[in-house]
Amino acid sequence: MKEKYYITTAIAYTSAKPHIGNTYEIVLADSIARYKRLMGFDVYFQTGTDEHGEKIELKAKEAGVTPKEYVDKVSKEIKNIWDIMNTSYDKFVRTTDENHEKIVQKIFKKMYDKGDIYLGEYKGLYCTPCESFWTESQLVQGKCPDCGREVQEKKEEAYFFKLSKYQDKLIEYIENHPEFIQPESRKNEMINNFIKLGLQDLCVSRTSFDWGIPVDFDKKHVVYVWLDALTNYITNIGYDPDGSSEEFNSWWPADLHLIGKDIIRFHTIYWPCFLMSLDLPLPKQVFGHPWLIMADGKMSKSKGNVIYADDLVNEYGVDAVRYYLLHEIPFASDGIFTKELLEERINGDLVNILGNLVNRTISMAKKYFNSHIENKSIKDNVDEELLTLVNELSSKLEEKMNNLEIGASIDCIFEVLRRSNKYIDETTPWILAKEESKKDRLETVLYNLLEAIRVCAVFLYPYLPTTSENIMKQLNTKDEIFVFNENTIYDLNEPEILFQRIEIEK
């Protein structure tokens with residue numbers, strides 16, 4: 001049986017169309033899911049939309065539609081962009097799904113019956129866009145510490161979850177599982193800035209708006225956003241407080257929650273405590289990825305610097321945009337987006353290094369051998385470095401991908417592609433072609449290049465799936481062996497251009 005791997009993104013909030021920074025997360029998760037499938041794992045990849053809350057109710061009112069009509073439209077738009085980006089999710093969930101709502105009500109009741117949820121009154125400073133309450137000391141210059149907007153004082157009856165009850169248990173778990181919160185800097189931030197300062201009990205219901213899942217034993221309350229949103233990771237794989245399915249028991253705990261660094265507090269403090277209350281194991285890892293920001297800071301409509309993925313794809317193609325997102329954002333620090341750098345990467349990496357290599361090699365095979373290449377095994381010392389790099393690629397990628405260093409993984413592949421281009425210059429096939437006695441050596445050189453390209457194409461699949469498929473089609477092979485194969489017979493198809501060069505104005 002295949003080893004299982006369960007990966008999730010955060011569910012996207014249905015307040016507006018997602019910009020390119022939001023889209024980064026789904027592409028990042030997709031590359032990990034595709035890589036794990038390539039490695040033989042049985043992968044379940046879940047994403048979706050978070051659709052309740054006061055902010056949605058207000059947005060719908062402004063638009064003159066019902067909240068359900070509003071979230072139906074935005075959820076469809078989000079799913080469409082995820083599809084445009086060629087992401088291979090197994091399930092797109094919505095928190096308005098009937099089953100999710102039913103199980104959330106059961107979860108709330110189970111926690112209440114256990115004594116982990118109690119009725120009280122909340123008086124605090126509330127940020128509507130973030131759907132978060134804050135204390136005076138947590139504010140930054142009197143404003144929300146997360147988004148910098150104004151807060152309003154609110155007072156209402158509410159149910160609370162006993163977060164404080166699980167504080168010591170949570171600290172113990174994090175300290176005993178160093179891999180649980182990644183990168184390391186995020187873990188230190190959670191422990192020192194939040195947990196050790198003392199966890200306050202968490203407001204988990206509201207009465208001042210209606211757009212939410214009703215608390216079934218107290219209908220004037222709706223379940224507050226984080227208890228509703230976070231539980232999607234278990235409600236959609238068969239969790240039920242009355243008796244979970246075999247599917248749930250086989251998939252849970254999740255191997256990876258991939259989320260933005262701005263919501264890591266909710267996933268590494270609230271979510272583990274909810275799971276402890278339900279007597280469920282914790283996810284194996286929560287990775288708080290960095291942001292993609294513009295040169296003038298975070299994207300915002302007020303700055304007029306918002307860029308959408310579908311617009312970029314229409315202009316540059318999906319794999320070019322995927323390449324930029326995956327390659328240009330560092331492991332633990334924010335990445336900058338500019339169109340100039342995107343175009344530079346397309347011309348420099350995708351056209352010059354990858355595209356030219358594939359096109360030159362297949363064209364030479366067509367010119368000198370009528371597109372039929374076999375390994376004549378006429379070896380030279382210059383072959384060794386290239387073949388060694390090809391054969392080491394699998395283990396290098398495994399190390400990088402296990403550490404979620406996606407950009408570095410792509411660099412490993414491009415190291416082989418660069419070496420292959422250099423190998424052409426070293427072996428000079430066009431000179432070998434002039435001597436009949438060198439014909440078998442020429443065929444060996446082209447065979448070595450085709451095998452290097454094939455292995456790189458196999459490993460490019462998680463990051464640039466369409467490009468990978470196009471290369472394999474030109475090679476006319478389905479061979480997915482991860483190392484140099486001595487015994488392939490190539491009957492190549494016609495060479496095709498993988499990426500068009502972009503003419504950049506001086």
# chains A, B, ... in the order shown; residues from 1 in each chain; ligands from 1
>>> select_by_dssp(residues="stretch 31-269 of chain A", states="helix (DSSP H, G or I)", output="ChimeraX atom specification")
/A:31-38,54-63,67-84,98-114,136-138,163-176,184-195,225-230,232-235,246-251,261-269
>>> closest_atom_pairs(of="stretch 301-381 of chain A", to="stretch 435-438 of chain A", cutoff="12 Å", atoms="only C-alpha atoms", output="CSV")
residue,atom,partner,partner_atom,distance
A:Tyr368,CA,A:Glu436,CA,11.2
A:Lys376,CA,A:Lys438,CA,11.1
A:Ile378,CA,A:Lys438,CA,9.4
A:Lys379,CA,A:Lys438,CA,11.6
>>> write_last_selection(atoms="N, CA and C atoms", output="PDB file, in the first residue's frame")
ATOM      1  N   TYR A 368      20.991  15.200 -37.725  1.00  0.00           N
ATOM      2  CA  TYR A 368      22.087  14.253 -37.914  1.00  0.00           C
ATOM      3  C   TYR A 368      21.652  12.789 -37.941  1.00  0.00           C
ATOM      4  N   LYS A 376      25.156   4.630 -28.117  1.00  0.00           N
ATOM      5  CA  LYS A 376      26.284   3.866 -28.681  1.00  0.00           C
ATOM      6  C   LYS A 376      27.410   3.684 -27.664  1.00  0.00           C
ATOM      7  N   ILE A 378      29.899   5.378 -26.595  1.00  0.00           N
ATOM      8  CA  ILE A 378      31.277   5.818 -26.880  1.00  0.00           C
ATOM      9  C   ILE A 378      31.573   6.966 -25.911  1.00  0.00           C
ATOM     10  N   LYS A 379      32.178   6.606 -24.786  1.00  0.00           N
ATOM     11  CA  LYS A 379      32.257   7.544 -23.665  1.00  0.00           C
ATOM     12  C   LYS A 379      33.539   8.364 -23.694  1.00  0.00           C
TER      13      LYS A 379
END
>>> closest_residue(among="A:Tyr233, A:Tyr324, A:Phe108, A:Phe459", to="A:Leu312", atoms="only C-alpha atoms")
A:Tyr324
>>> closest_residue(among="A:Arg94, A:Ala10, A:Trp134, A:Phe160", to="A:Leu119", atoms="only C-alpha atoms")
A:Phe160
>>> select_by_dssp(residues="stretch 328-457 of chain A", states="strand (DSSP E)", output="VMD selection string")
chain A and resid 335 to 337 372 to 373
>>> write_last_selection(atoms="N, CA and C atoms", output="compact mmCIF listing (two decimals), in the first residue's frame")
# COMPACT_ATOMS: atom_id res chain seq x y z
N GLY A 335 9.08 37.64 -0.75
CA GLY A 335 9.60 37.82 -2.11
C GLY A 335 8.96 39.04 -2.75
N ILE A 336 9.70 39.66 -3.66
CA ILE A 336 9.22 40.86 -4.35
C ILE A 336 8.72 40.48 -5.74
N PHE A 337 7.58 41.06 -6.12
CA PHE A 337 7.10 40.84 -7.48
C PHE A 337 7.25 42.11 -8.30
N HIS A 372 16.18 9.61 -34.74
CA HIS A 372 16.30 8.29 -34.11
C HIS A 372 17.66 8.22 -33.40
N ILE A 373 17.63 8.10 -32.06
CA ILE A 373 18.86 8.11 -31.27
C ILE A 373 18.91 6.89 -30.35
>>> closest_residue(among="A:Ile11, A:Val104, A:Met85, A:Leu275", to="A:Tyr24", atoms="only C-alpha atoms")
A:Met85
>>> atom_distance(atom1="atom CA of A:Val222", atom2="atom CA of A:Thr14")
18.0 Å
>>> closest_residue(among="A:Trp291, A:Phe369, A:Phe45, A:Tyr166", to="A:Leu325", atoms="only C-alpha atoms")
A:Trp291
>>> atom_distance(atom1="atom CA of A:Asp425", atom2="atom CA of A:Ile413")
19.2 Å
